[in-house]
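First up is the structure itself, then whatever we jot down about it.
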Number of protein chains: 2
Amino acid sequence: MKLKFTLFAFLICSTTLVQAQDSLMLRKIYDEGLVNGKAYSNLHYLCKNIGQRISGSANAQKAVEWSKKLMESYGFDHVFLQEVMVPHWVRGPKEQGIIIDGKNRIPVHIAALGMSVATPKNGITAEVIELHSLKQLDSLGESKLKGKIVFFNRPFDQRFIETFRAYGTAGDQRNLGPAAAAKFGVAGVIVRSLSSTTDDYPHTGATRVAADGKNAPAAAISTKAADQLSSLLKKNPSLKFYFKQSCQTRPDTLSYNVVGEITGTVNPAKFITVGGHLDSWDLAEGAHDDGTGVMGSLEALRILKALGYRPKNTLRVVFFMNEENGDRGGIKYAELAAQNKEEHIAAIESDAGGFTPRGFGFTGLSSDQLKNLEQWKKLFFPYGSERLTAGGGGSDIEPLKEKVAGVVLIGLSPDSQRYFDIHHTPNDVFENVNKRELELGAASMASLIYLIDQHGFN
Amino acid sequence: MKLKFTLFAFLICSTTLVQAQDSLMLRKIYDEGLVNGKAYSNLHYLCKNIGQRISGSANAQKAVEWSKKLMESYGFDHVFLQEVMVPHWVRGPKEQGIIIDGKNRIPVHIAALGMSVATPKNGITAEVIELHSLKQLDSLGESKLKGKIVFFNRPFDQRFIETFRAYGTAGDQRNLGPAAAAKFGVAGVIVRSLSSTTDDYPHTGATRVAADGKNAPAAAISTKAADQLSSLLKKNPSLKFYFKQSCQTRPDTLSYNVVGEITGTVNPAKFITVGGHLDSWDLAEGAHDDGTGVMGSLEALRILKALGYRPKNTLRVVFFMNEENGDRGGIKYAELAAQNKEEHIAAIESDAGGFTPRGFGFTGLSSDQLKNLEQWKKLFFPYGSERLTAGGGGSDIEPLKEKVAGVVLIGLSPDSQRYFDIHHTPNDVFENVNKRELELGAASMASLIYLIDQHGFN
């Protein structure tokens, strides 16, 4: 009995000791991030000295070269590039969109959807059919759709607390709508911008291209203009819409993932990855999408290194290329991981904006492992990142799931309320990032990396 | 044994049923707030059609009159004003601040601190002594301070996760510094703006005036200019600073708290109060401070009324007057509550900005009552407002603690990262408020009011 008690007391004491050590380490991580943070100034350089960096562009190449140098300057053990062929889509001159309502010609803000085809040189003019779901295409059929402009206008469902869920449920209109409508011989497709707000900015984003070549030119229209068009259509169903865009898809281009490593002291062949995507849309600076993701991920490793932390496992920061219109960087990373028979413990992605972090979502944990996160919730509570929930990841790390057995995929979960106000618009600029919010995200990731490296998930 | 089991099962079932009902009600509250929310358009009116509304100003009176009409239009059972005499401080023409470094004259951004006295008509020119704490005044003494301009320049401690704590620990420089320095015969006081960020905007805010009339003119200087001044002082300790301000304190003015009530169906003489302050500083529109607080509080009651909820206890929304430079409205509200022998169950204040709500802080709960909040945490979790913690309130409801026994004081806790970037500056405008963040705050308050009304704290 006495022995049992002593053993029990020892176990309690050692658990408490470990927790106290972890707690101290987290405090050091956040202090370093908040006092000596570099993510914000790095993001400033990326946004203002490089700017937009759509896959295949000269700016994307500049971003790769600068990122590699930046990682090298941090004294990581290895910095290297992974070659990857990426799509090279080019927007061309600014698009034109006009509502033609009798004699009234009302110019509106549109932007070609990424990967879309161009309109004929002189644009398209056609009557408009407003739809709220893809299913309506089938009910209407070719007889009513052919030659028309389909206008998908289902707004965000504001009842979702997490705006990513509103984006997810409205997203089929942009992702699949144009190719689906093209099958019915439509002249073009206009999609209500995927946004939480009502304003004048069109939100671009990728649309799926049909393999059979049956595609219709597709553009996003600002939410304000979408409301206006819808309202005018109610009064005059035979009004017309004109739009013109000159985008084109050029041959695939060689590009790169940028990878930095701190080698593990105990298990150098086991990896914990953290990253975001380096490419951005072409309309702005890709500040929140995903400049904060790459700069926050890099900062997470910088913090650990600055604190003299020697990881058990190898820590990798990855700047993935081509998340926006192809996911080629993520696919290549997973292929190489499989090819090199790498063992991956976890991969963390930051691609939900650089807003105040609330926690992380986990995919690949057993229910017991999820329960074990309770201890970590307590550690994160003082820092506001204690929402550790089931389900999460990111487009760049998703391909690892199939290729590498046992990897746990993790997504950083920042506050989501403002993200879809600026997502894929000209407003995704440095000025809309808050320094402390970005720093807290980076420190949260550094903390999680530390905890996984120390304890795994058991 | 069987009976016991049945009773136990019944208790479990009834608890589960109550939780399910609460859960459904919260869903309805958030749906109403997110789909039919009025707080954002009301805030727009307050900011753009009325604007700044410092106590005693014509705009403050406009705000009172409009608020009363607005509450009346919502069909509350009672809408009334509470008379309160408030200070009437006037800034006068824009202040001037100049660093005089040899032949260089560098204009910088300053703003008189609220309630400060004016400089002499032609301003003050004097050498500058940079201090980081009020204690340094005593060590230096009158011989070194007399005739000088004291420059309090201790920055925010960025290590605090909640920026309110950084504000709290830096705040003595603005609140107490000028009066403390005046005792040593200083010519004037310049205070580094209480801000998380580094920019060109001075942050005003109240400073305490000495009852003995020994006061020195005091102004806030932008954080960027504070850094510049500090840096120049290191090279040239005998540089001078010039500043001029023409502010004055006029006789107290009659103003009002605006109160709306939904009468309780069971306990009409027991009150649950929710509110914020209607007055603002004069430099901008008082959007986050505290337009979102008053409009969010009103929205909380609008939501409950729109859902047909008949409260057990009387619900009150209060727009307090004069939080910024006197707290007279809050003091008056508590005095009247005591005078009328009102029983107050709880008072909720929203005065920490209209950012995404994270939870609430509670003052006046026993440790058992705090434990009971666990159930509510579960209810709030899907909405992200589950951080229910000990300690909280607000300046307007604080006086209730002394005057009314048993009242629980509660503060809405929004994300705090951006608040002190714009607090008390020309940037506190409508455009810096996000519609959904404001709506979520209002729905969180409506939910908490519902839960307190239904269950109390036991």
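Ordered as shown in the structure tokens, chains take letters A, B, and onward, while each chain numbers its residues from 1 and ligands are numbered from 1 in the order shown.
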Residues within 9 Å of region 60-75 of chain B, please, as a ChimeraX atom specification. Count only C-alpha atoms; anything in the same chain fewer than 2 positions from it doesn't count. /B:42,46,50-58,77-81,255-260,262,278-280,298,302,305,319,321
Against chain B, which residues of chain A fall within 10 Å? For each one I want the closest pair of atoms and the distance in Å (one decimal), counting only C-alpha atoms, rows by chain and increasing residue number, as a tab-separated table.
```
residue	atom	partner	partner_atom	distance
A:Arg27	CA	B:Arg159	CA	9.1
A:Lys28	CA	B:Arg159	CA	9.8
A:Tyr30	CA	B:Arg159	CA	7.3
A:Asp31	CA	B:Arg159	CA	5.4
A:Glu32	CA	B:Arg159	CA	8.6
A:Gly33	CA	B:Arg159	CA	8.8
A:Leu34	CA	B:Arg159	CA	5.9
A:Val35	CA	B:Gln158	CA	6.3
A:Asn36	CA	B:Gln158	CA	9.9
A:Asp157	CA	B:Val35	CA	8.6
A:Gln158	CA	B:Leu34	CA	5.9
A:Arg159	CA	B:Asp31	CA	5.4
A:Phe160	CA	B:Asp31	CA	8.6
A:Ile161	CA	B:Tyr383	CA	6.1
A:Glu162	CA	B:Tyr383	CA	8.5
A:Thr163	CA	B:Arg436	CA	9.7
A:Ser196	CA	B:Arg436	CA	8.4
A:Thr197	CA	B:Lys435	CA	8.2
A:Phe355	CA	B:Gln417	CA	9.4
A:Thr356	CA	B:Gln417	CA	7.5
A:Arg358	CA	B:Gly384	CA	8.8
A:Phe381	CA	B:Arg387	CA	9.1
A:Pro382	CA	B:Ile161	CA	7.7
A:Tyr383	CA	B:Ile161	CA	6.1
A:Gly384	CA	B:Ile161	CA	8.0
A:Glu386	CA	B:Arg387	CA	9.9
A:Arg387	CA	B:Gly384	CA	8.9
A:Asp415	CA	B:Thr356	CA	7.7
A:Ser416	CA	B:Thr356	CA	9.2
A:Gln417	CA	B:Glu437	CA	6.5
A:Arg418	CA	B:Asn434	CA	7.1
A:Asp421	CA	B:Asn434	CA	9.2
A:Asn434	CA	B:Arg418	CA	7.1
A:Lys435	CA	B:Thr197	CA	8.2
A:Arg436	CA	B:Gln417	CA	6.5
A:Glu437	CA	B:Gln417	CA	6.5
A:Leu440	CA	B:Ile161	CA	8.3
```
Output file for the residues above (N, CA and C atoms, as a tab-separated table (two decimals), in the first residue's frame):
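Once everything was written out, this is result_13.tsv:
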```tsv
chain	number	residue	atom	x	y	z
A	27	ARG	N	5.46	30.01	-22.17
A	27	ARG	CA	5.61	31.43	-21.81
A	27	ARG	C	6.82	32.04	-22.55
A	28	LYS	N	7.91	31.27	-22.58
A	28	LYS	CA	9.11	31.76	-23.29
A	28	LYS	C	8.83	31.95	-24.79
A	30	TYR	N	5.92	32.54	-26.31
A	30	TYR	CA	5.08	33.72	-26.57
A	30	TYR	C	5.86	35.02	-26.32
A	31	ASP	N	6.69	35.04	-25.28
A	31	ASP	CA	7.48	36.26	-25.02
A	31	ASP	C	8.39	36.56	-26.20
A	32	GLU	N	9.08	35.53	-26.68
A	32	GLU	CA	9.98	35.73	-27.81
A	32	GLU	C	9.20	36.22	-29.04
A	33	GLY	N	8.04	35.60	-29.27
A	33	GLY	CA	7.24	35.98	-30.45
A	33	GLY	C	6.70	37.40	-30.35
A	34	LEU	N	6.28	37.79	-29.16
A	34	LEU	CA	5.65	39.11	-29.00
A	34	LEU	C	6.66	40.24	-28.83
A	35	VAL	N	7.85	39.90	-28.36
A	35	VAL	CA	8.85	40.94	-28.12
A	35	VAL	C	9.84	41.06	-29.29
A	36	ASN	N	10.25	39.93	-29.84
A	36	ASN	CA	11.27	39.96	-30.89
A	36	ASN	C	10.75	39.46	-32.25
A	157	ASP	N	-24.45	31.84	-46.18
A	157	ASP	CA	-25.41	31.62	-45.09
A	157	ASP	C	-24.77	32.22	-43.83
A	158	GLN	N	-25.32	33.34	-43.41
A	158	GLN	CA	-24.69	34.09	-42.31
A	158	GLN	C	-24.86	33.39	-40.96
A	159	ARG	N	-25.69	32.36	-40.92
A	159	ARG	CA	-25.93	31.70	-39.63
A	159	ARG	C	-24.74	30.87	-39.15
A	160	PHE	N	-23.86	30.49	-40.06
A	160	PHE	CA	-22.66	29.77	-39.62
A	160	PHE	C	-21.80	30.69	-38.77
A	161	ILE	N	-21.32	30.16	-37.66
A	161	ILE	CA	-20.46	30.98	-36.80
A	161	ILE	C	-19.07	31.06	-37.43
A	162	GLU	N	-18.57	29.93	-37.90
A	162	GLU	CA	-17.29	29.92	-38.60
A	162	GLU	C	-17.55	30.25	-40.07
A	163	THR	N	-16.95	31.31	-40.57
A	163	THR	CA	-17.25	31.72	-41.95
A	163	THR	C	-16.72	30.71	-42.97
A	196	SER	N	-18.43	37.27	-47.02
A	196	SER	CA	-19.32	37.49	-45.88
A	196	SER	C	-19.99	38.85	-45.95
A	197	THR	N	-19.46	39.73	-46.76
A	197	THR	CA	-19.88	41.12	-46.71
A	197	THR	C	-20.49	41.58	-48.02
A	355	PHE	N	-5.28	36.10	-38.42
A	355	PHE	CA	-6.08	36.72	-37.35
A	355	PHE	C	-5.78	36.04	-36.01
A	356	THR	N	-6.34	36.60	-34.94
A	356	THR	CA	-6.09	36.04	-33.60
A	356	THR	C	-6.36	34.55	-33.59
A	358	ARG	N	-7.37	30.90	-32.37
A	358	ARG	CA	-8.30	30.38	-31.36
A	358	ARG	C	-7.96	28.96	-30.97
A	381	PHE	N	-4.72	27.74	-22.72
A	381	PHE	CA	-5.77	28.65	-22.27
A	381	PHE	C	-5.28	30.08	-21.99
A	382	PRO	N	-4.16	30.25	-21.29
A	382	PRO	CA	-3.71	31.62	-21.01
A	382	PRO	C	-3.40	32.42	-22.27
A	383	TYR	N	-3.22	31.72	-23.39
A	383	TYR	CA	-2.86	32.38	-24.64
A	383	TYR	C	-4.04	32.45	-25.61
A	384	GLY	N	-5.19	31.94	-25.18
A	384	GLY	CA	-6.40	32.04	-26.00
A	384	GLY	C	-6.48	31.08	-27.17
A	386	GLU	N	-6.95	27.71	-27.01
A	386	GLU	CA	-7.28	26.42	-26.39
A	386	GLU	C	-8.35	25.63	-27.11
A	387	ARG	N	-8.87	26.12	-28.22
A	387	ARG	CA	-9.90	25.36	-28.92
A	387	ARG	C	-9.23	24.28	-29.78
A	415	ASP	N	-9.43	33.34	-35.70
A	415	ASP	CA	-10.75	33.97	-35.80
A	415	ASP	C	-11.09	34.13	-37.29
A	416	SER	N	-12.30	33.73	-37.67
A	416	SER	CA	-12.61	33.68	-39.11
A	416	SER	C	-13.51	34.80	-39.59
A	417	GLN	N	-13.90	35.73	-38.70
A	417	GLN	CA	-14.98	36.66	-39.08
A	417	GLN	C	-14.62	37.60	-40.23
A	418	ARG	N	-13.37	38.05	-40.28
A	418	ARG	CA	-13.01	39.06	-41.30
A	418	ARG	C	-12.43	38.46	-42.57
A	421	ASP	N	-14.12	38.81	-45.97
A	421	ASP	CA	-14.33	40.18	-46.45
A	421	ASP	C	-13.26	40.53	-47.49
A	434	ASN	N	-2.82	42.57	-38.60
A	434	ASN	CA	-2.45	43.14	-37.31
A	434	ASN	C	-1.22	42.41	-36.78
A	435	LYS	N	-0.24	43.18	-36.37
A	435	LYS	CA	1.05	42.62	-35.96
A	435	LYS	C	0.89	41.59	-34.83
A	436	ARG	N	0.18	41.95	-33.79
A	436	ARG	CA	0.06	41.05	-32.65
A	436	ARG	C	-0.73	39.79	-32.99
A	437	GLU	N	-1.75	39.93	-33.81
A	437	GLU	CA	-2.55	38.76	-34.18
A	437	GLU	C	-1.67	37.75	-34.93
A	440	LEU	N	0.80	36.16	-32.43
A	440	LEU	CA	0.16	35.15	-31.57
A	440	LEU	C	-0.04	33.84	-32.32
```
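Picture a line from CA of Ile99 (chain B) to CA of Leu137 (chain B); it runs 22.3 Å.
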So which residues touch Ala352 (chain A) within 12 Å, counting only C-alpha atoms, skipping near sequence neighbours fewer than 4 positions away, as an mmCIF file with N, CA, C and O atoms, in the first residue's frame?
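Output contents, as saved in selection34.cif:
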```cif
data_model
loop_
_atom_site.group_PDB
_atom_site.id
_atom_site.type_symbol
_atom_site.label_atom_id
_atom_site.label_comp_id
_atom_site.auth_asym_id
_atom_site.auth_seq_id
_atom_site.Cartn_x
_atom_site.Cartn_y
_atom_site.Cartn_z
ATOM 1 N N GLU A 162 -18.569 29.934 -37.896
ATOM 2 C CA GLU A 162 -17.291 29.917 -38.604
ATOM 3 C C GLU A 162 -17.554 30.250 -40.069
ATOM 4 O O GLU A 162 -18.284 29.506 -40.750
ATOM 5 N N THR A 163 -16.953 31.313 -40.568
ATOM 6 C CA THR A 163 -17.246 31.716 -41.946
ATOM 7 C C THR A 163 -16.719 30.706 -42.971
ATOM 8 O O THR A 163 -17.213 30.673 -44.099
ATOM 9 N N PHE A 164 -15.759 29.893 -42.583
ATOM 10 C CA PHE A 164 -15.267 28.862 -43.513
ATOM 11 C C PHE A 164 -16.380 27.881 -43.894
ATOM 12 O O PHE A 164 -16.359 27.309 -44.983
ATOM 13 N N TYR A 167 -18.392 29.603 -46.528
ATOM 14 C CA TYR A 167 -17.591 29.526 -47.768
ATOM 15 C C TYR A 167 -17.707 28.129 -48.376
ATOM 16 O O TYR A 167 -17.908 27.972 -49.579
ATOM 17 N N GLY A 275 3.641 24.782 -42.273
ATOM 18 C CA GLY A 275 3.758 25.576 -43.491
ATOM 19 C C GLY A 275 2.479 26.258 -43.933
ATOM 20 O O GLY A 275 1.422 26.133 -43.306
ATOM 21 N N GLY A 276 2.638 26.992 -45.018
ATOM 22 C CA GLY A 276 1.538 27.662 -45.689
ATOM 23 C C GLY A 276 1.901 27.729 -47.158
ATOM 24 O O GLY A 276 2.871 27.106 -47.575
ATOM 25 N N HIS A 277 1.140 28.478 -47.941
ATOM 26 C CA HIS A 277 1.505 28.536 -49.362
ATOM 27 C C HIS A 277 2.062 29.899 -49.743
ATOM 28 O O HIS A 277 1.565 30.937 -49.316
ATOM 29 N N GLY A 286 -1.635 39.096 -51.397
ATOM 30 C CA GLY A 286 -1.682 37.818 -50.701
ATOM 31 C C GLY A 286 -1.186 37.941 -49.273
ATOM 32 O O GLY A 286 -0.346 37.160 -48.827
ATOM 33 N N ALA A 287 -1.707 38.931 -48.549
ATOM 34 C CA ALA A 287 -1.225 39.178 -47.188
ATOM 35 C C ALA A 287 -1.783 38.103 -46.253
ATOM 36 O O ALA A 287 -1.023 37.307 -45.688
ATOM 37 N N HIS A 288 -3.094 38.055 -46.118
ATOM 38 C CA HIS A 288 -3.700 37.013 -45.278
ATOM 39 C C HIS A 288 -3.711 35.663 -45.998
ATOM 40 O O HIS A 288 -3.790 34.628 -45.346
ATOM 41 N N ASP A 289 -3.698 35.690 -47.329
ATOM 42 C CA ASP A 289 -3.794 34.440 -48.092
ATOM 43 C C ASP A 289 -2.645 34.347 -49.072
ATOM 44 O O ASP A 289 -2.764 34.732 -50.211
ATOM 45 N N ASP A 290 -1.511 33.870 -48.626
ATOM 46 C CA ASP A 290 -1.272 33.241 -47.363
ATOM 47 C C ASP A 290 0.073 33.713 -46.830
ATOM 48 O O ASP A 290 0.849 32.949 -46.284
ATOM 49 N N GLY A 291 0.322 35.023 -47.070
ATOM 50 C CA GLY A 291 1.569 35.600 -46.562
ATOM 51 C C GLY A 291 1.731 35.367 -45.068
ATOM 52 O O GLY A 291 2.818 35.011 -44.587
ATOM 53 N N THR A 292 0.645 35.564 -44.320
ATOM 54 C CA THR A 292 0.714 35.344 -42.874
ATOM 55 C C THR A 292 0.997 33.879 -42.556
ATOM 56 O O THR A 292 1.657 33.578 -41.557
ATOM 57 N N GLY A 293 0.511 32.978 -43.413
ATOM 58 C CA GLY A 293 0.735 31.545 -43.196
ATOM 59 C C GLY A 293 2.201 31.172 -43.337
ATOM 60 O O GLY A 293 2.760 30.481 -42.471
ATOM 61 N N VAL A 294 2.835 31.634 -44.412
ATOM 62 C CA VAL A 294 4.248 31.276 -44.590
ATOM 63 C C VAL A 294 5.131 32.018 -43.584
ATOM 64 O O VAL A 294 6.026 31.414 -42.966
ATOM 65 N N GLY A 296 4.261 33.245 -40.688
ATOM 66 C CA GLY A 296 3.978 32.733 -39.342
ATOM 67 C C GLY A 296 4.643 31.379 -39.110
ATOM 68 O O GLY A 296 5.169 31.111 -38.022
ATOM 69 N N ILE A 348 1.324 20.706 -39.862
ATOM 70 C CA ILE A 348 0.469 21.824 -39.449
ATOM 71 C C ILE A 348 0.394 22.803 -40.608
ATOM 72 O O ILE A 348 1.421 23.179 -41.163
ATOM 73 N N THR A 356 -6.344 36.604 -34.937
ATOM 74 C CA THR A 356 -6.090 36.042 -33.605
ATOM 75 C C THR A 356 -6.359 34.546 -33.591
ATOM 76 O O THR A 356 -7.451 34.106 -33.938
ATOM 77 N N PRO A 357 -5.362 33.741 -33.179
ATOM 78 C CA PRO A 357 -5.564 32.283 -33.182
ATOM 79 C C PRO A 357 -6.516 31.876 -32.060
ATOM 80 O O PRO A 357 -6.461 32.425 -30.963
ATOM 81 N N ARG A 358 -7.367 30.902 -32.369
ATOM 82 C CA ARG A 358 -8.297 30.380 -31.363
ATOM 83 C C ARG A 358 -7.958 28.957 -30.970
ATOM 84 O O ARG A 358 -8.451 28.444 -29.989
ATOM 85 N N GLY A 359 -7.169 28.276 -31.802
ATOM 86 C CA GLY A 359 -6.810 26.896 -31.508
ATOM 87 C C GLY A 359 -6.373 26.168 -32.769
ATOM 88 O O GLY A 359 -5.880 26.792 -33.715
ATOM 89 N N PHE A 360 -6.557 24.853 -32.743
ATOM 90 C CA PHE A 360 -6.157 24.017 -33.873
ATOM 91 C C PHE A 360 -7.204 22.934 -34.100
ATOM 92 O O PHE A 360 -7.853 22.480 -33.152
ATOM 93 N N GLY A 361 -7.320 22.480 -35.353
ATOM 94 C CA GLY A 361 -8.149 21.323 -35.676
ATOM 95 C C GLY A 361 -7.250 20.160 -36.052
ATOM 96 O O GLY A 361 -6.244 20.347 -36.743
ATOM 97 N N GLY A 392 -9.488 18.989 -39.184
ATOM 98 C CA GLY A 392 -8.678 20.150 -39.534
ATOM 99 C C GLY A 392 -7.523 19.741 -40.408
ATOM 100 O O GLY A 392 -7.197 18.557 -40.521
ATOM 101 N N GLY A 393 -6.910 20.698 -41.030
ATOM 102 C CA GLY A 393 -5.786 20.420 -41.910
ATOM 103 C C GLY A 393 -5.603 21.589 -42.859
ATOM 104 O O GLY A 393 -5.648 22.733 -42.438
ATOM 105 N N GLY A 394 -5.444 21.285 -44.129
ATOM 106 C CA GLY A 394 -5.249 22.341 -45.127
ATOM 107 C C GLY A 394 -4.946 21.711 -46.470
ATOM 108 O O GLY A 394 -4.514 20.552 -46.544
ATOM 109 N N SER A 395 -5.182 22.465 -47.536
ATOM 110 C CA SER A 395 -5.027 21.926 -48.894
ATOM 111 C C SER A 395 -3.620 21.439 -49.178
ATOM 112 O O SER A 395 -3.421 20.478 -49.916
ATOM 113 N N GLY A 411 -4.712 21.968 -38.669
ATOM 114 C CA GLY A 411 -4.890 23.323 -39.198
ATOM 115 C C GLY A 411 -4.934 24.337 -38.068
ATOM 116 O O GLY A 411 -5.623 24.124 -37.071
ATOM 117 N N LEU A 412 -4.193 25.431 -38.232
ATOM 118 C CA LEU A 412 -4.324 26.547 -37.287
ATOM 119 C C LEU A 412 -5.695 27.176 -37.506
ATOM 120 O O LEU A 412 -6.104 27.389 -38.650
ATOM 121 N N SER A 413 -6.411 27.440 -36.415
ATOM 122 C CA SER A 413 -7.762 28.025 -36.510
ATOM 123 C C SER A 413 -7.773 29.441 -35.955
ATOM 124 O O SER A 413 -7.945 29.634 -34.758
ATOM 125 N N PRO A 414 -7.592 30.418 -36.822
ATOM 126 C CA PRO A 414 -7.702 31.796 -36.341
ATOM 127 C C PRO A 414 -9.168 32.229 -36.335
ATOM 128 O O PRO A 414 -10.017 31.545 -36.910
ATOM 129 N N ASP A 415 -9.434 33.341 -35.700
ATOM 130 C CA ASP A 415 -10.753 33.965 -35.799
ATOM 131 C C ASP A 415 -11.091 34.125 -37.285
ATOM 132 O O ASP A 415 -10.261 34.589 -38.070
ATOM 133 N N SER A 416 -12.296 33.725 -37.669
ATOM 134 C CA SER A 416 -12.608 33.677 -39.106
ATOM 135 C C SER A 416 -13.512 34.804 -39.592
ATOM 136 O O SER A 416 -13.865 34.847 -40.765
ATOM 137 N N GLN A 417 -13.900 35.725 -38.696
ATOM 138 C CA GLN A 417 -14.975 36.665 -39.076
ATOM 139 C C GLN A 417 -14.618 37.603 -40.226
ATOM 140 O O GLN A 417 -15.460 37.925 -41.056
ATOM 141 N N ARG A 418 -13.365 38.050 -40.280
ATOM 142 C CA ARG A 418 -13.010 39.055 -41.298
ATOM 143 C C ARG A 418 -12.426 38.458 -42.574
ATOM 144 O O ARG A 418 -12.251 39.163 -43.562
ATOM 145 N N TYR A 419 -12.102 37.162 -42.516
ATOM 146 C CA TYR A 419 -11.328 36.570 -43.617
ATOM 147 C C TYR A 419 -12.019 36.713 -44.977
ATOM 148 O O TYR A 419 -11.389 37.112 -45.959
ATOM 149 N N PHE A 420 -13.296 36.417 -45.030
ATOM 150 C CA PHE A 420 -13.966 36.423 -46.334
ATOM 151 C C PHE A 420 -14.473 37.803 -46.745
ATOM 152 O O PHE A 420 -15.153 37.943 -47.747
ATOM 153 N N ILE A 422 -12.072 39.984 -47.327
ATOM 154 C CA ILE A 422 -10.934 40.422 -48.149
ATOM 155 C C ILE A 422 -10.337 39.302 -49.004
ATOM 156 O O ILE A 422 -9.559 39.577 -49.918
ATOM 157 N N HIS A 423 -10.720 38.078 -48.727
ATOM 158 C CA HIS A 423 -10.192 36.877 -49.382
ATOM 159 C C HIS A 423 -10.263 36.991 -50.915
ATOM 160 O O HIS A 423 -11.328 37.226 -51.479
ATOM 161 N N LEU A 438 -0.841 38.277 -35.843
ATOM 162 C CA LEU A 438 0.077 37.420 -36.584
ATOM 163 C C LEU A 438 1.082 36.756 -35.636
ATOM 164 O O LEU A 438 1.344 35.543 -35.712
ATOM 165 N N GLY A 441 -0.384 33.937 -33.603
ATOM 166 C CA GLY A 441 -0.537 32.725 -34.417
ATOM 167 C C GLY A 441 0.772 31.962 -34.525
ATOM 168 O O GLY A 441 0.818 30.731 -34.375
#
```
All strand (DSSP E or B) positions in region 4-244 of chain A, as an MDAnalysis selection string: chainID A and resid 78:90 96:101 104:108 110:112 114 124:131 149:152 188:192 206 218:221 240:244
Just list the residues in region 66-298 of chain B DSSP gives alpha helix (DSSP H) on the backbone, as a ChimeraX atom specification. /B:66-73,135-145,163-170,172-175,177-182,223-235,292-298
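Across the model, the gap from CA of Asn122 (chain A) to CA of Ile98 (chain A) is 13.1 Å.
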What is the CA of Lys341 (chain A) to CA of Asn322 (chain A) distance in Å? 23.8 Å
Would you please work out which residue, of A:Lys270, A:Asp453, A:Val117, A:Pro237, is nearest to Val90 (chain A) when using only C-alpha atoms? A:Val117
Which polymer residues have any atom within 7 Å of an atom of region 213-224 of chain B, counting only C-alpha atoms, with same-chain residues fewer than 6 positions away left out, as a PyMOL selection string? chain B and resi 109-113+116-119+178-179+182-183+186-193+198-204
Keeping C-alpha atoms for every residue in the selection just given, could you write it to a file as a PDB file, in the first residue's frame?
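Contents of result-v4.pdb, as written:
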```pdb
ATOM      1  CA  HIS B 109       1.261  64.688 -33.574  1.00  0.00           C
ATOM      2  CA  ILE B 110      -0.123  65.420 -30.117  1.00  0.00           C
ATOM      3  CA  ALA B 111      -3.578  65.661 -28.550  1.00  0.00           C
ATOM      4  CA  ALA B 112      -4.481  67.271 -25.224  1.00  0.00           C
ATOM      5  CA  LEU B 113      -5.427  64.746 -22.570  1.00  0.00           C
ATOM      6  CA  SER B 116      -6.234  68.826 -19.023  1.00  0.00           C
ATOM      7  CA  VAL B 117      -5.661  72.534 -18.663  1.00  0.00           C
ATOM      8  CA  ALA B 118      -4.465  74.706 -21.546  1.00  0.00           C
ATOM      9  CA  THR B 119      -0.937  75.898 -22.085  1.00  0.00           C
ATOM     10  CA  PRO B 178       0.420  64.880 -15.098  1.00  0.00           C
ATOM     11  CA  ALA B 179      -1.009  65.704 -11.654  1.00  0.00           C
ATOM     12  CA  ALA B 182       2.631  69.194 -11.518  1.00  0.00           C
ATOM     13  CA  LYS B 183       3.496  69.053  -7.815  1.00  0.00           C
ATOM     14  CA  VAL B 186       6.904  71.186 -14.259  1.00  0.00           C
ATOM     15  CA  ALA B 187       5.986  73.356 -17.242  1.00  0.00           C
ATOM     16  CA  GLY B 188       4.039  70.589 -18.947  1.00  0.00           C
ATOM     17  CA  VAL B 189       3.685  66.862 -19.443  1.00  0.00           C
ATOM     18  CA  ILE B 190       3.855  64.782 -22.597  1.00  0.00           C
ATOM     19  CA  VAL B 191       2.655  61.174 -22.375  1.00  0.00           C
ATOM     20  CA  ARG B 192       3.415  58.387 -24.808  1.00  0.00           C
ATOM     21  CA  SER B 193       0.101  57.283 -26.326  1.00  0.00           C
ATOM     22  CA  THR B 198       3.573  52.296 -33.451  1.00  0.00           C
ATOM     23  CA  ASP B 199       1.979  54.968 -35.605  1.00  0.00           C
ATOM     24  CA  ASP B 200       1.333  58.670 -36.028  1.00  0.00           C
ATOM     25  CA  TYR B 201      -1.915  58.964 -34.084  1.00  0.00           C
ATOM     26  CA  PRO B 202      -2.045  60.485 -30.615  1.00  0.00           C
ATOM     27  CA  HIS B 203      -4.432  58.727 -28.207  1.00  0.00           C
ATOM     28  CA  THR B 204      -6.352  61.069 -25.944  1.00  0.00           C
TER      29      THR B 204
END
```
